[in-house]
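Data from query01.pdb: PDB, C-alpha atoms
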```
ATOM      1  CA  MET A   1     147.441 147.706  50.850
ATOM      2  CA  PRO A   2     147.544 147.594  54.678
ATOM      3  CA  LYS A   3     148.818 144.281  56.068
ATOM      4  CA  ILE A   4     145.600 143.438  57.932
ATOM      5  CA  ARG A   5     144.885 139.879  56.741
ATOM      6  CA  PRO A   6     146.560 138.034  59.650
ATOM      7  CA  PHE A   7     144.909 140.343  62.171
ATOM      8  CA  GLU A   8     141.503 139.726  60.583
ATOM      9  CA  GLU A   9     141.975 135.949  60.389
ATOM     10  CA  TYR A  10     143.836 135.288  63.644
ATOM     11  CA  THR A  11     142.301 137.838  65.993
ATOM     12  CA  GLU A  12     141.928 135.358  68.860
ATOM     13  CA  ARG A  13     145.540 134.222  68.546
ATOM     14  CA  TYR A  14     146.633 137.879  68.622
ATOM     15  CA  GLU A  15     144.685 138.481  71.832
ATOM     16  CA  ASN A  16     146.028 135.304  73.420
ATOM     17  CA  TRP A  17     149.620 136.507  72.865
ATOM     18  CA  PHE A  18     149.134 139.228  75.462
ATOM     19  CA  GLU A  19     147.830 136.727  78.013
ATOM     20  CA  LYS A  20     150.602 134.232  77.329
ATOM     21  CA  HIS A  21     153.304 136.914  77.500
ATOM     22  CA  ARG A  22     151.692 139.061  80.169
ATOM     23  CA  TYR A  23     154.947 140.250  81.763
ATOM     24  CA  ALA A  24     156.487 141.220  78.435
ATOM     25  CA  TYR A  25     153.290 143.130  77.616
ATOM     26  CA  LEU A  26     153.306 144.957  80.962
ATOM     27  CA  SER A  27     156.981 145.803  80.488
ATOM     28  CA  GLU A  28     156.211 147.339  77.103
ATOM     29  CA  ILE A  29     153.382 149.411  78.579
ATOM     30  CA  ASN A  30     155.713 150.729  81.276
ATOM     31  CA  ALA A  31     158.295 151.691  78.654
ATOM     32  CA  ILE A  32     155.723 153.648  76.659
ATOM     33  CA  LYS A  33     154.357 155.311  79.806
ATOM     34  CA  SER A  34     157.850 156.552  80.627
ATOM     35  CA  VAL A  35     158.051 158.550  77.374
ATOM     36  CA  MET A  36     154.427 159.677  77.076
ATOM     37  CA  PRO A  37     153.900 163.461  77.170
ATOM     38  CA  GLN A  38     151.056 165.150  79.038
ATOM     39  CA  GLU A  39     149.150 165.883  75.830
ATOM     40  CA  GLU A  40     146.184 163.828  74.644
ATOM     41  CA  CYS A  41     147.307 161.110  72.233
ATOM     42  CA  VAL A  42     145.783 159.347  69.237
ATOM     43  CA  GLU A  43     147.034 155.818  68.580
ATOM     44  CA  VAL A  44     147.693 155.041  64.919
ATOM     45  CA  GLY A  45     147.396 151.307  64.367
ATOM     46  CA  VAL A  46     145.382 150.951  67.561
ATOM     47  CA  GLY A  47     144.648 147.277  66.876
ATOM     48  CA  SER A  48     142.445 145.774  69.568
ATOM     49  CA  GLY A  49     143.215 148.576  72.017
ATOM     50  CA  ARG A  50     145.683 146.577  74.090
ATOM     51  CA  PHE A  51     147.913 149.631  74.535
ATOM     52  CA  ALA A  52     145.392 152.437  74.172
ATOM     53  CA  GLU A  53     143.198 151.205  77.039
ATOM     54  CA  PRO A  54     145.836 151.068  79.832
ATOM     55  CA  LEU A  55     147.404 154.295  78.553
ATOM     56  CA  GLY A  56     144.088 156.161  78.696
ATOM     57  CA  ILE A  57     143.936 156.829  74.948
ATOM     58  CA  LYS A  58     140.384 157.354  73.728
ATOM     59  CA  LEU A  59     140.847 157.703  69.943
ATOM     60  CA  GLY A  60     142.566 155.390  67.489
ATOM     61  CA  VAL A  61     143.075 154.791  63.773
ATOM     62  CA  GLU A  62     142.888 151.204  62.507
ATOM     63  CA  PRO A  63     142.330 149.518  59.095
ATOM     64  CA  SER A  64     141.240 146.116  60.489
ATOM     65  CA  LYS A  65     137.499 146.005  61.203
ATOM     66  CA  ARG A  66     137.733 143.007  63.513
ATOM     67  CA  MET A  67     140.472 144.614  65.570
ATOM     68  CA  ALA A  68     138.560 147.891  65.658
ATOM     69  CA  LYS A  69     135.469 146.184  67.115
ATOM     70  CA  ILE A  70     137.513 144.787  69.989
ATOM     71  CA  ALA A  71     139.082 148.185  70.611
ATOM     72  CA  GLU A  72     135.644 149.783  70.687
ATOM     73  CA  SER A  73     134.530 147.194  73.268
ATOM     74  CA  ARG A  74     137.381 148.583  75.383
ATOM     75  CA  GLY A  75     135.929 152.091  75.180
ATOM     76  CA  ILE A  76     138.061 153.468  72.337
ATOM     77  CA  LYS A  77     136.584 155.381  69.409
ATOM     78  CA  VAL A  78     138.119 154.012  66.209
ATOM     79  CA  ILE A  79     138.395 155.741  62.842
ATOM     80  CA  GLU A  80     139.110 153.585  59.816
ATOM     81  CA  GLY A  81     142.394 154.590  58.201
ATOM     82  CA  VAL A  82     146.076 153.874  57.641
ATOM     83  CA  ALA A  83     149.247 155.580  58.847
ATOM     84  CA  GLU A  84     150.162 156.778  55.354
ATOM     85  CA  ASP A  85     146.882 158.683  54.926
ATOM     86  CA  LEU A  86     145.654 159.941  58.272
ATOM     87  CA  PRO A  87     142.080 161.290  58.433
ATOM     88  CA  PHE A  88     143.010 164.534  60.202
ATOM     89  CA  PRO A  89     143.741 168.098  59.059
ATOM     90  CA  ASP A  90     147.183 169.698  59.150
ATOM     91  CA  ASN A  91     148.418 170.774  62.596
ATOM     92  CA  SER A  92     145.448 169.283  64.444
ATOM     93  CA  LEU A  93     146.831 166.678  66.893
ATOM     94  CA  GLU A  94     149.021 167.045  69.963
ATOM     95  CA  CYS A  95     150.396 163.510  70.117
ATOM     96  CA  ILE A  96     150.530 160.321  68.051
ATOM     97  CA  LEU A  97     151.387 156.865  69.380
ATOM     98  CA  MET A  98     152.466 153.985  67.136
ATOM     99  CA  VAL A  99     153.222 150.638  68.801
ATOM    100  CA  THR A 100     154.715 148.062  66.382
ATOM    101  CA  THR A 101     152.714 149.794  63.629
ATOM    102  CA  ILE A 102     155.856 151.019  61.866
ATOM    103  CA  CYS A 103     156.737 147.377  61.112
ATOM    104  CA  PHE A 104     153.504 146.791  59.197
ATOM    105  CA  VAL A 105     152.982 149.942  57.153
ATOM    106  CA  ASP A 106     153.563 149.821  53.400
ATOM    107  CA  ASP A 107     155.587 153.054  53.379
ATOM    108  CA  PRO A 108     157.298 153.984  56.685
ATOM    109  CA  GLU A 109     158.654 157.247  55.264
ATOM    110  CA  LYS A 110     155.193 158.377  54.195
ATOM    111  CA  ALA A 111     153.748 157.362  57.567
ATOM    112  CA  ILE A 112     156.214 159.610  59.401
ATOM    113  CA  LYS A 113     155.572 162.455  56.954
ATOM    114  CA  GLU A 114     151.846 162.098  57.650
ATOM    115  CA  ALA A 115     152.472 162.231  61.399
ATOM    116  CA  TYR A 116     154.471 165.416  60.856
ATOM    117  CA  ARG A 117     151.637 166.906  58.798
ATOM    118  CA  VAL A 118     148.867 166.315  61.321
ATOM    119  CA  LEU A 119     150.813 167.181  64.491
ATOM    120  CA  LYS A 120     150.715 170.670  65.908
ATOM    121  CA  PRO A 121     154.018 172.568  66.257
ATOM    122  CA  ASN A 122     155.993 170.918  69.082
ATOM    123  CA  GLY A 123     153.578 167.973  69.017
ATOM    124  CA  HIS A 124     154.970 164.541  69.836
ATOM    125  CA  ILE A 125     155.193 161.154  68.194
ATOM    126  CA  ILE A 126     155.915 158.042  70.262
ATOM    127  CA  ILE A 127     157.055 154.916  68.451
ATOM    128  CA  GLY A 128     157.302 151.555  70.216
ATOM    129  CA  PHE A 129     158.885 148.599  68.395
ATOM    130  CA  ILE A 130     161.066 145.529  68.654
ATOM    131  CA  ASP A 131     164.638 146.461  67.740
ATOM    132  CA  ARG A 132     165.790 144.264  64.861
ATOM    133  CA  GLU A 133     169.300 144.061  66.354
ATOM    134  CA  SER A 134     168.108 142.824  69.773
ATOM    135  CA  LYS A 135     167.713 139.291  71.140
ATOM    136  CA  ILE A 136     164.001 139.105  70.415
ATOM    137  CA  GLY A 137     164.380 141.073  67.186
ATOM    138  CA  ARG A 138     166.928 138.654  65.768
ATOM    139  CA  GLU A 139     164.683 135.745  66.768
ATOM    140  CA  TYR A 140     161.661 137.337  65.088
ATOM    141  CA  GLU A 141     163.674 138.089  61.953
ATOM    142  CA  LYS A 142     165.051 134.547  61.801
ATOM    143  CA  ASN A 143     161.640 132.905  62.185
ATOM    144  CA  LYS A 144     159.378 135.474  60.518
ATOM    145  CA  ASP A 145     158.320 133.075  57.750
ATOM    146  CA  LYS A 146     156.871 130.770  60.432
ATOM    147  CA  SER A 147     154.763 133.529  62.025
ATOM    148  CA  VAL A 148     151.325 134.449  60.725
ATOM    149  CA  PHE A 149     151.793 137.984  62.094
ATOM    150  CA  TYR A 150     155.427 138.794  61.324
ATOM    151  CA  ARG A 151     155.675 137.120  57.916
ATOM    152  CA  GLU A 152     155.064 140.427  56.152
ATOM    153  CA  ALA A 153     156.621 142.674  58.798
ATOM    154  CA  ASN A 154     159.701 144.819  58.241
ATOM    155  CA  PHE A 155     161.838 145.145  61.342
ATOM    156  CA  PHE A 156     164.028 148.177  62.006
ATOM    157  CA  SER A 157     167.007 148.968  64.175
ATOM    158  CA  THR A 158     166.696 151.830  66.635
ATOM    159  CA  GLN A 159     169.148 153.926  64.649
ATOM    160  CA  GLU A 160     167.072 153.453  61.510
ATOM    161  CA  ILE A 161     163.970 154.763  63.297
ATOM    162  CA  VAL A 162     165.937 157.705  64.695
ATOM    163  CA  ASN A 163     167.217 158.539  61.202
ATOM    164  CA  LEU A 164     163.702 158.215  59.771
ATOM    165  CA  LEU A 165     162.363 160.679  62.330
ATOM    166  CA  GLU A 166     165.189 163.193  62.046
ATOM    167  CA  ARG A 167     165.119 163.457  58.267
ATOM    168  CA  ASN A 168     161.366 164.099  58.384
ATOM    169  CA  GLY A 169     161.294 167.048  60.735
ATOM    170  CA  PHE A 170     161.378 165.466  64.203
ATOM    171  CA  LYS A 171     163.783 165.961  67.069
ATOM    172  CA  VAL A 172     164.323 162.865  69.235
ATOM    173  CA  GLU A 173     163.890 163.749  72.903
ATOM    174  CA  LYS A 174     163.993 160.443  74.737
ATOM    175  CA  ILE A 175     164.721 156.755  74.088
ATOM    176  CA  VAL A 176     164.068 153.936  76.557
ATOM    177  CA  GLN A 177     164.341 150.149  76.402
ATOM    178  CA  THR A 178     163.005 147.066  78.156
ATOM    179  CA  LEU A 179     162.814 143.258  77.673
ATOM    180  CA  PHE A 180     166.408 142.271  78.326
ATOM    181  CA  ARG A 181     165.846 138.510  78.135
ATOM    182  CA  ARG A 182     164.492 136.168  75.510
ATOM    183  CA  LEU A 183     160.713 136.307  75.298
ATOM    184  CA  GLU A 184     160.190 132.851  76.829
ATOM    185  CA  GLU A 185     162.438 133.819  79.751
ATOM    186  CA  VAL A 186     160.458 136.912  80.756
ATOM    187  CA  ASP A 187     158.702 135.748  83.949
ATOM    188  CA  SER A 188     158.335 139.124  85.683
ATOM    189  CA  VAL A 189     157.946 142.761  84.741
ATOM    190  CA  GLU A 190     161.270 143.992  83.379
ATOM    191  CA  PRO A 191     162.847 147.366  84.226
ATOM    192  CA  VAL A 192     162.812 150.345  81.872
ATOM    193  CA  LYS A 193     166.228 151.861  81.131
ATOM    194  CA  GLU A 194     167.353 154.936  79.232
ATOM    195  CA  GLY A 195     168.943 154.442  75.820
ATOM    196  CA  PHE A 196     169.010 151.425  73.531
ATOM    197  CA  GLY A 197     171.273 148.524  72.577
ATOM    198  CA  GLU A 198     170.410 146.124  75.398
ATOM    199  CA  GLY A 199     166.622 145.790  75.508
ATOM    200  CA  SER A 200     164.522 144.274  72.739
ATOM    201  CA  PHE A 201     161.579 146.662  73.031
ATOM    202  CA  VAL A 202     162.392 150.315  72.422
ATOM    203  CA  ALA A 203     160.175 153.375  72.854
ATOM    204  CA  ILE A 204     161.144 156.693  71.267
ATOM    205  CA  ARG A 205     159.597 160.109  71.909
ATOM    206  CA  ALA A 206     160.261 162.745  69.258
ATOM    207  CA  ARG A 207     159.000 166.322  68.919
ATOM    208  CA  LYS A 208     157.852 168.004  65.735
ATOM    209  CA  MET A 209     160.447 170.668  65.069
ATOM    210  CA  ASP A 210     159.331 174.297  65.186
ATOM    211  CA  ALA A 211     160.681 177.388  63.415
ATOM    212  CA  MET A 212     163.601 177.908  65.809
ATOM    213  CA  ASP A 213     164.605 174.230  65.586
ATOM    214  CA  PHE A 214     164.718 174.529  61.801
ATOM    215  CA  ALA A 215     166.707 177.751  62.061
ATOM    216  CA  GLU A 216     169.346 175.952  64.137
ATOM    217  CA  LYS A 217     169.387 173.047  61.685
ATOM    218  CA  VAL A 218     169.876 175.358  58.683
ATOM    219  CA  LYS A 219     172.615 177.234  60.567
ATOM    220  CA  GLY A 220     174.379 173.937  61.232
ATOM    221  CA  LEU A 221     174.078 172.998  57.570
ATOM    222  CA  ALA A 222     175.465 176.366  56.450
ATOM    223  CA  GLU A 223     178.382 175.981  58.834
ATOM    224  CA  ARG A 224     179.096 172.461  57.549
ATOM    225  CA  LEU A 225     179.143 173.775  53.990
ATOM    226  CA  GLY A 226     181.487 176.637  54.907
ATOM    227  CA  GLU A 227     178.803 179.298  54.370
ATOM    228  CA  ASP A 228     179.504 181.392  57.467
ATOM    229  CA  LYS A 229     177.950 184.534  55.984
ATOM    230  CA  LEU A 230     174.621 182.781  55.518
ATOM    231  CA  ARG A 231     174.808 181.486  59.064
ATOM    232  CA  GLU A 232     175.388 185.047  60.288
ATOM    233  CA  ALA A 233     172.486 186.271  58.137
ATOM    234  CA  ILE A 234     170.148 183.844  59.911
ATOM    235  CA  ASP A 235     171.289 185.134  63.312
ATOM    236  CA  ARG A 236     170.711 188.750  62.224
ATOM    237  CA  PHE A 237     167.262 187.951  60.881
ATOM    238  CA  LEU A 238     166.218 186.194  64.096
ATOM    239  CA  THR A 239     167.513 189.110  66.197
ATOM    240  CA  LEU A 240     165.618 191.658  64.092
ATOM    241  CA  ASN A 241     162.450 189.615  64.393
ATOM    242  CA  GLU A 242     162.535 189.213  68.164
ATOM    243  CA  GLY A 243     159.213 190.266  69.611
ATOM    244  CA  ILE A 244     157.321 190.107  66.323
ATOM    245  CA  GLU A 245     155.233 187.211  67.636
ATOM    246  CA  LYS A 246     153.744 189.487  70.313
ATOM    247  CA  THR A 247     152.870 192.233  67.848
ATOM    248  CA  ARG A 248     151.855 190.263  64.742
ATOM    249  CA  GLY A 249     150.996 186.823  66.106
ATOM    250  CA  GLU A 250     152.612 183.374  66.266
ATOM    251  CA  HIS A 251     151.688 182.223  62.763
ATOM    252  CA  PHE A 252     152.881 185.456  61.135
ATOM    253  CA  ALA A 253     156.237 185.213  62.933
ATOM    254  CA  LYS A 254     156.764 181.551  62.042
ATOM    255  CA  ALA A 255     155.722 182.021  58.417
ATOM    256  CA  GLY A 256     158.304 184.801  58.160
ATOM    257  CA  ILE A 257     161.079 182.637  59.607
ATOM    258  CA  TYR A 258     160.209 179.726  57.336
ATOM    259  CA  GLY A 259     160.131 182.008  54.299
ATOM    260  CA  PHE A 260     163.559 183.406  55.139
ATOM    261  CA  LEU A 261     165.017 179.932  55.710
ATOM    262  CA  GLU A 262     163.535 178.823  52.396
ATOM    263  CA  GLY A 263     165.475 181.601  50.700
ATOM    264  CA  ILE A 264     168.703 180.594  52.446
ATOM    265  CA  LEU A 265     168.261 176.967  51.386
ATOM    266  CA  THR A 266     167.468 177.956  47.812
ATOM    267  CA  THR A 267     170.749 179.888  47.745
ATOM    268  CA  LEU A 268     172.621 176.886  49.151
ATOM    269  CA  LYS A 269     171.034 174.574  46.602
ATOM    270  CA  LEU A 270     172.377 176.695  43.755
ATOM    271  CA  LYS A 271     175.914 176.330  45.090
ATOM    272  CA  HIS A 272     176.040 172.854  46.617
ATOM    273  CA  GLU A 273     174.886 169.343  45.809
ATOM    274  CA  ASP A 274     173.802 168.088  49.193
ATOM    275  CA  GLU A 275     170.838 165.827  49.977
ATOM    276  CA  GLU A 276     170.149 167.541  53.307
ATOM    277  CA  ILE A 277     169.435 170.841  51.520
ATOM    278  CA  SER A 278     166.582 169.322  49.510
ATOM    279  CA  GLU A 279     165.193 167.471  52.540
ATOM    280  CA  LEU A 280     165.144 170.621  54.668
ATOM    281  CA  LEU A 281     163.790 172.749  51.842
ATOM    282  CA  SER A 282     160.839 170.396  51.378
ATOM    283  CA  LEU A 283     160.037 170.334  55.108
ATOM    284  CA  ILE A 284     160.362 174.091  55.566
ATOM    285  CA  LYS A 285     158.279 174.858  52.498
ATOM    286  CA  LYS A 286     155.490 172.653  53.856
ATOM    287  CA  ALA A 287     155.774 174.257  57.291
ATOM    288  CA  ARG A 288     155.502 177.742  55.745
ATOM    289  CA  GLU A 289     152.437 176.735  53.749
ATOM    290  CA  ILE A 290     150.772 175.402  56.895
ATOM    291  CA  GLU A 291     151.474 178.618  58.830
ATOM    292  CA  GLU A 292     150.160 180.718  55.936
ATOM    293  CA  ALA A 293     147.012 178.574  55.849
ATOM    294  CA  PHE A 294     146.507 179.341  59.543
ATOM    295  CA  LEU A 295     146.821 183.040  58.790
ATOM    296  CA  ARG A 296     144.083 182.749  56.191
ATOM    297  CA  LYS A 297     141.539 180.624  58.027
ATOM    298  CA  GLY A 298     142.635 179.845  61.576
ATOM    299  CA  ASN A 299     142.962 176.457  63.237
ATOM    300  CA  PRO A 300     140.544 173.900  61.730
ATOM    301  CA  PRO A 301     138.840 171.373  64.024
ATOM    302  CA  ILE A 302     139.562 167.663  63.788
ATOM    303  CA  PHE A 303     137.229 166.018  61.297
ATOM    304  CA  GLU A 304     134.198 164.413  62.823
ATOM    305  CA  GLN A 305     134.296 160.701  62.070
ATOM    306  CA  LYS A 306     131.813 157.948  62.757
ATOM    307  CA  PRO A 307     133.159 154.899  64.615
ATOM    308  CA  LEU A 308     133.444 151.699  62.604
TER     309      LEU A 308
END
```

Can you dump the structure from the file as C-alpha cells?
Amino acid sequence: MPKIRPFEEYTERYENWFEKHRYAYLSEINAIKSVMPQEECVEVGVGSGRFAEPLGIKLGVEPSKRMAKIAESRGIKVIEGVAEDLPFPDNSLECILMVTTICFVDDPEKAIKEAYRVLKPNGHIIIGFIDRESKIGREYEKNKDKSVFYREANFFSTQEIVNLLERNGFKVEKIVQTLFRRLEEVDSVEPVKEGFGEGSFVAIRARKMDAMDFAEKVKGLAERLGEDKLREAIDRFLTLNEGIEKTRGEHFAKAGIYGFLEGILTTLKLKHEDEEISELLSLIKKAREIEEAFLRKGNPPIFEQKPL
C-alpha cells in the first residue's frame, strides 16, 4: 500500500515545511533544474505540486487525493497511481521526475523497472532525494520515528540509487548536490555542485539505455568472463548491420540487435553462473518485445486519464 496516510492527515504541515525552509526548497529546485533535460517531464509522486509548478511540469502521478487537489490548484493535471504501477503504455514518455518519492515507495526496484518500461528509448529519469549518508540524511535517519512524514520512509545513499538505476537498464549521465549545511542553518540559497558526498540533497539524471548501450554492456561482460570470441561476434554483427535502420526502420534494427544479444547472453548463461547475465537477459528480452510490439502496431498514445 502507498505510504499516503501522513500526507492525507498532515497536508497543511507538509505545505508549511516549504515556507519554513524556503531556502532549502529553492536550493533543491535549482539542483533539479541543473539536471533536467529539454524533454517534457511527468512527475511521479507529484504531491502538492511544489516541484512540478516551478519546473513547468504539467502532468503528475499521485496516490494521495488531498495532495492531488492542491497540485491541481497549481495548474497540474494529476492521474491517480503509484510508481510501481504507472498508468502509461510501454515506451510512451520522454522524461520522469521523482523527488523524494523513491523513499516512500513500497518496492523501489519495481518503481525503477516501471520507469524503464514507460520511457521511450533514450528517455530520462531524474531522481531527487536526501542522501542517507549526508548531514541532513543522518539527522533524518536518527529522528525518523519522531517525524510523521519520515517514520515509514526508507533512505538511500547515492551509490545505492546509482546501483539501482544501472542494474535496471539506465545509464547515469549527471549527478549534482546541494544543501551543504544542517537544515536549520540554511539561511540562503545554496550552490549546486557536481558529484556527491558533500551535499545532503542529490539529483541524478539517468538515460534509458538503447540497443547500442546494451551491446557495449554485453561486450564488457563477455570480456570480463574471458569470452573474447563472443565479444568479437558482437562487433561483427553490429558492423554487418550498419545502415539497416535506414532501409528497414529503427524498430526493426533494434529488435534485431536485441535478439542477437539475447542469443549471446543465453550462451553465456549456459557456461557461467553470473548474476549480471540474468539481469541483462531479462532487460534485453523486454526491450526486444517492446520493439517487436512497435513493429506490429506502431507507437501507442498515452492513455487518456481524467483528473482526480

**Prompt:** For A:Glu133, which residue among A:Glu109, A:Glu114, A:Asp228, A:Glu198 is the nearest when counting only C-alpha atoms?
**Reply:**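 So, comparing all the options, the nearest one is A:Glu198.
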
**Request:** Any chance you could resolve the PyMOL selection byres ((chain A and resi 231-242) around 10) against this file and give the residues as a PyMOL selection string?
**Result:** chain A and resi 212+215-216+218-223+226-230+243-246+253+256-257+260-261+264

**Request:** Using atom CA of A:Val99 and atom CA of A:Phe214 as the two end points, give the distance in Å to one decimal.
**Result:** 27.4 Å

**Message:** What's around stretch 101-106 of chain A at 12 Å? Count all atoms listed in the file, leave out sequence neighbours fewer than 5 positions away in its own chain, and write the answer as a ChimeraX atom specification.
**Reply:** /A:1-7,43-47,51,61-63,81-85,96,111-112,115,125-132,137,140-141,149-158,160-161,164-165

**Message:** Restricting the calculation to only C-alpha atoms: of A:Ile79, A:Ser200, A:Phe88, A:Leu283, which residue gets closest to A:Lys113?
**Reply:**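 Of A:Ile79, A:Ser200, A:Phe88, A:Leu283, the one nearest A:Lys113, counting only C-alpha atoms, is A:Leu283.
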
**Item:** Residues near A:Arg181, cut-off 9 Å, all atoms listed in the file, skip fewer than 6 positions along chain, as an MDAnalysis selection string
**Value:** chainID A and resid 135:136 190 199:200

**Evaluate the PyMOL selection byres ((chain A and resi 185) around 12) and report residues as a list of chain:residue names** = A:His21, A:Arg22, A:Tyr23, A:Ala24, A:Lys135, A:Ile136, A:Leu179, A:Phe180, A:Arg181, A:Arg182, A:Leu183, A:Glu184, A:Val186, A:Asp187, A:Ser188, A:Val189, A:Glu190

**Item:** Residue members of the PyMOL selection byres ((chain A and resi 52) around 10) in the file shown, as an NGL selection string
**Value:** :A and (29 or 41-44 or 46-51 or 53-60 or 71 or 74-76 or 97 or 99)
